[in-house]
Amino acid sequence: MVVVTDDNSFSGRVRRYAQVSTAMGGLAARLAGERYLGLNLDRGRHAAELKAALGGIKGPLMKVAQLLATIPDGMPKEYVQELAQLQANAPPMGWPFVRRRMAGELGTDWETKFRDFEKTAARAASLGQVHRATALDGRPLACKLQYPDMASAVEADLRQLKLAMGLYERYDRAVTTAEIHAEIADRLREELDYEREAAHMRLYGEILRGEPGVAVPTPLPDLSTRRLLTMTWLDGSPILDAAKAPLAHRNEIALRMFRIWYVPFYRYGVIHGDPHLGNYTVTARRTVNLLDFGCIRVFRASFVSGVIDLYRALQRDDRDLAVHAYESWGFGNLSREMIEVLNRWALFVYGPLLDDRERLIQEKRSGAYGASVAESVHRDIRRLGGVRPPREFVFMDRAAIGLGSVFMHLRAEINWYRLFHELIDDFDEAALAVRQRLALAAASVPLPFPR
């Protein structure tokens, strides 16, 4: 086991950034050679080399790479395929270091505040690690402790990410990446603030309180700080374990997953932007546990209206309504041809919601069809001069694609149309804005935009 210590953390970061800089410099040189000198770049081989370099450094940049791998058009497909394989398992801190970190967060008598605290981490990730513990009243707890110096590490890694995305944009101008980078940067910085995450946890506990078969941990403020988040422990198995369950069980889990993601969005304008398989588990009774609340996005009610407007536009083949929807999201100066191209991608994403019958989320059982749609859309966007996606669109699109992949793994057969219409048929923009303000205030989550 590799252990992070006080003595080697600085030198480790220096080596880490040097390694990334070398990898990114190699990417720059090779892409330049391919574009300007006519050299043949083996993208697959180079992407594997880049993954090897990033996988060796761990930390926030690897989390960024995983995020980027799920966002359409963020990087060339060869790189996405490799980066998607990265596992967010950073080297855990050893017990002497954990003990000092806990004392720094809760005081030198911190161990007296728990009945028991396991020395070995139950889970190590890119920004911190989780230890099991027991509260003085006997409740099982999860203590998420952030690694040291993560703020400076995140900023350094975001600079490297900006370089990589800028290089790609020079190579392929179909998608302007500035807003994508800005959105990822804001969400990553927010993930460092565990007090914010605790507030988001309270928010989801309030929003999903009446949802059957859904569990959200409860944060313990007296045992939490900005860099330590203590919450109730929820037992469960990885969601992929349910892939071999009977169809009725898989459908039940998929239905709950759908409502976990979209009740908050269509009723409160809030979405969980990280549908990673490690962020939820399932109990023997098929209760879905939602575990991580670091990447939460709050939208204006008008943005939610735009999502529904685009659905109605596709349903009715109403071009003017589609234009209105894209403009409400922040797309501007769209030609008729560009709208037709964007609608092609929208039809792929919205397709299951437009089909009033029980069906798989994607009836072509491989991701190759979706990839071919994305490639053709990307090619036509590039031909038409490129597009600048609004930042609000980044994690909304990512959530839809990520959640769809979960449904594909489960092979759930559901009437997605009726599920969706249960949420939107009585939609009222003004009522959403009121519910949103009340829910955010109850959870002490600040409204991220003026009323």
# chains A, B, ... in the order shown; residues from 1 in each chain; ligands from 1
$ residues_around --residues "Arg286 (chain A)" --least-positions-apart "3" --cutoff "8 Å" --atoms "only C-alpha atoms" --output "list of chain:residue names"
A:Gly213, A:His249, A:Glu252, A:Ile253, A:Val282, A:Thr283
$ write_last_selection --atoms "N, CA, C and O atoms" --output "mmCIF file, in the first residue's frame"
data_model
loop_
_atom_site.group_PDB
_atom_site.id
_atom_site.type_symbol
_atom_site.label_atom_id
_atom_site.label_comp_id
_atom_site.auth_asym_id
_atom_site.auth_seq_id
_atom_site.Cartn_x
_atom_site.Cartn_y
_atom_site.Cartn_z
ATOM 1 N N GLY A 213 -38.390 3.734 -1.484
ATOM 2 C CA GLY A 213 -37.234 2.975 -1.959
ATOM 3 C C GLY A 213 -36.012 3.813 -2.235
ATOM 4 O O GLY A 213 -35.163 3.427 -3.054
ATOM 5 N N HIS A 249 -37.186 -6.873 -10.724
ATOM 6 C CA HIS A 249 -36.323 -6.202 -9.753
ATOM 7 C C HIS A 249 -35.487 -5.121 -10.438
ATOM 8 O O HIS A 249 -35.318 -4.018 -9.885
ATOM 9 N N GLU A 252 -37.620 -2.142 -11.105
ATOM 10 C CA GLU A 252 -37.909 -1.388 -9.889
ATOM 11 C C GLU A 252 -36.737 -0.471 -9.531
ATOM 12 O O GLU A 252 -36.922 0.700 -9.177
ATOM 13 N N ILE A 253 -35.525 -0.984 -9.647
ATOM 14 C CA ILE A 253 -34.333 -0.179 -9.356
ATOM 15 C C ILE A 253 -34.202 0.953 -10.367
ATOM 16 O O ILE A 253 -33.915 2.102 -9.998
ATOM 17 N N VAL A 282 -27.315 -0.460 -3.696
ATOM 18 C CA VAL A 282 -28.679 -0.998 -3.629
ATOM 19 C C VAL A 282 -28.750 -2.026 -2.500
ATOM 20 O O VAL A 282 -27.860 -2.861 -2.346
ATOM 21 N N THR A 283 -29.813 -1.961 -1.711
ATOM 22 C CA THR A 283 -30.001 -2.922 -0.622
ATOM 23 C C THR A 283 -30.709 -4.180 -1.138
ATOM 24 O O THR A 283 -31.189 -4.225 -2.274
#
$ select_by_dssp --residues "region 325-373 of chain A" --states "alpha helix (DSSP H)" --output "tab-separated table (two decimals) with C-alpha atoms, in the first residue's frame"
chain	number	residue	atom	x	y	z
A	325	ALA	CA	-35.58	26.21	-26.13
A	326	TYR	CA	-31.98	26.47	-27.34
A	327	GLU	CA	-31.98	30.24	-26.81
A	328	SER	CA	-33.34	29.84	-23.27
A	329	TRP	CA	-30.33	27.60	-22.56
A	336	ARG	CA	-31.48	26.54	-39.61
A	337	GLU	CA	-28.93	23.85	-40.49
A	338	MET	CA	-27.31	23.98	-37.04
A	339	ILE	CA	-30.70	23.59	-35.35
A	340	GLU	CA	-31.40	20.51	-37.49
A	341	VAL	CA	-28.06	19.03	-36.44
A	342	LEU	CA	-28.63	19.76	-32.73
A	343	ASN	CA	-32.12	18.30	-33.00
A	344	ARG	CA	-30.61	15.07	-34.32
A	345	TRP	CA	-28.66	14.68	-31.09
A	346	ALA	CA	-31.70	15.75	-29.04
A	347	LEU	CA	-33.84	13.10	-30.75
A	348	PHE	CA	-31.31	10.46	-29.73
A	349	VAL	CA	-31.30	11.62	-26.09
A	350	TYR	CA	-35.06	12.20	-25.85
A	368	ALA	CA	-21.86	1.85	-30.98
A	369	TYR	CA	-25.12	3.36	-32.27
A	370	GLY	CA	-24.95	6.28	-29.84
A	371	ALA	CA	-21.31	6.80	-30.73
A	372	SER	CA	-22.14	6.90	-34.44
A	373	VAL	CA	-24.91	9.46	-33.84
$ closest_residue --among "A:Leu255, A:Leu223, A:Ala301, A:Met408" --to "Glu195 (chain A)" --atoms "only C-alpha atoms"
A:Leu223
$ residues_around --residues "region 178-182 of chain A" --least-positions-apart "5" --cutoff "7 Å" --atoms "only C-alpha atoms" --output "list in words"
Lys162, Pro389, Pro390, Arg391 and Val394 of chain A
$ write_last_selection --atoms "C-alpha atoms" --output "compact mmCIF listing (two decimals), in the first residue's frame"
# COMPACT_ATOMS: atom_id res chain seq x y z
CA LYS A 162 -7.27 23.96 -19.75
CA PRO A 389 -22.23 25.07 -25.52
CA PRO A 390 -23.59 27.10 -22.58
CA ARG A 391 -22.07 25.95 -19.31
CA VAL A 394 -22.55 20.54 -19.66
$ atom_distance --atom1 "CA of Lys244 (chain A)" --atom2 "CA of Arg132 (chain A)"
28.8 Å
$ closest_residue --among "A:Val270, A:Gly104, A:Thr177, A:Ile207" --to "Arg388 (chain A)" --atoms "only C-alpha atoms"
A:Thr177
$ select_by_dssp --residues "region 85-290 of chain A" --states "strand (DSSP E or B)" --output "VMD selection string"
chain A and resid 93 114 to 117 123 to 124 128 to 135 140 to 146 175 214 to 215 219 228 to 232 237 to 238 270 to 272 280 to 282 288 to 290
$ residues_around --residues "Val434 (chain A)" --least-positions-apart "2" --cutoff "12 Å" --atoms "only C-alpha atoms" --output "NGL selection string"
:A and (267-269 or 300-301 or 428-432 or 436-441 or 447 or 451)
$ write_last_selection --atoms "C-alpha atoms" --output "compact mmCIF listing (two decimals), in the first residue's frame"
# COMPACT_ATOMS: atom_id res chain seq x y z
CA ARG A 267 -39.81 19.84 -9.39
CA TYR A 268 -36.94 21.87 -7.85
CA GLY A 269 -34.50 22.76 -10.66
CA ARG A 300 -33.11 28.68 -13.00
CA ALA A 301 -36.72 27.64 -13.51
CA ASP A 428 -45.44 25.26 -13.68
CA GLU A 429 -42.34 27.46 -13.90
CA ALA A 430 -43.44 29.89 -11.19
CA ALA A 431 -44.35 27.05 -8.80
CA LEU A 432 -40.93 25.45 -9.37
CA GLN A 436 -36.78 25.77 -5.15
CA ARG A 437 -36.35 28.81 -2.89
CA LEU A 438 -38.09 27.10 0.02
CA ALA A 439 -36.11 23.86 -0.29
CA LEU A 440 -32.77 25.64 -0.63
CA ALA A 441 -33.53 27.85 2.37
CA LEU A 447 -29.43 30.48 -4.25
CA ARG A 451 -34.18 35.97 -7.64
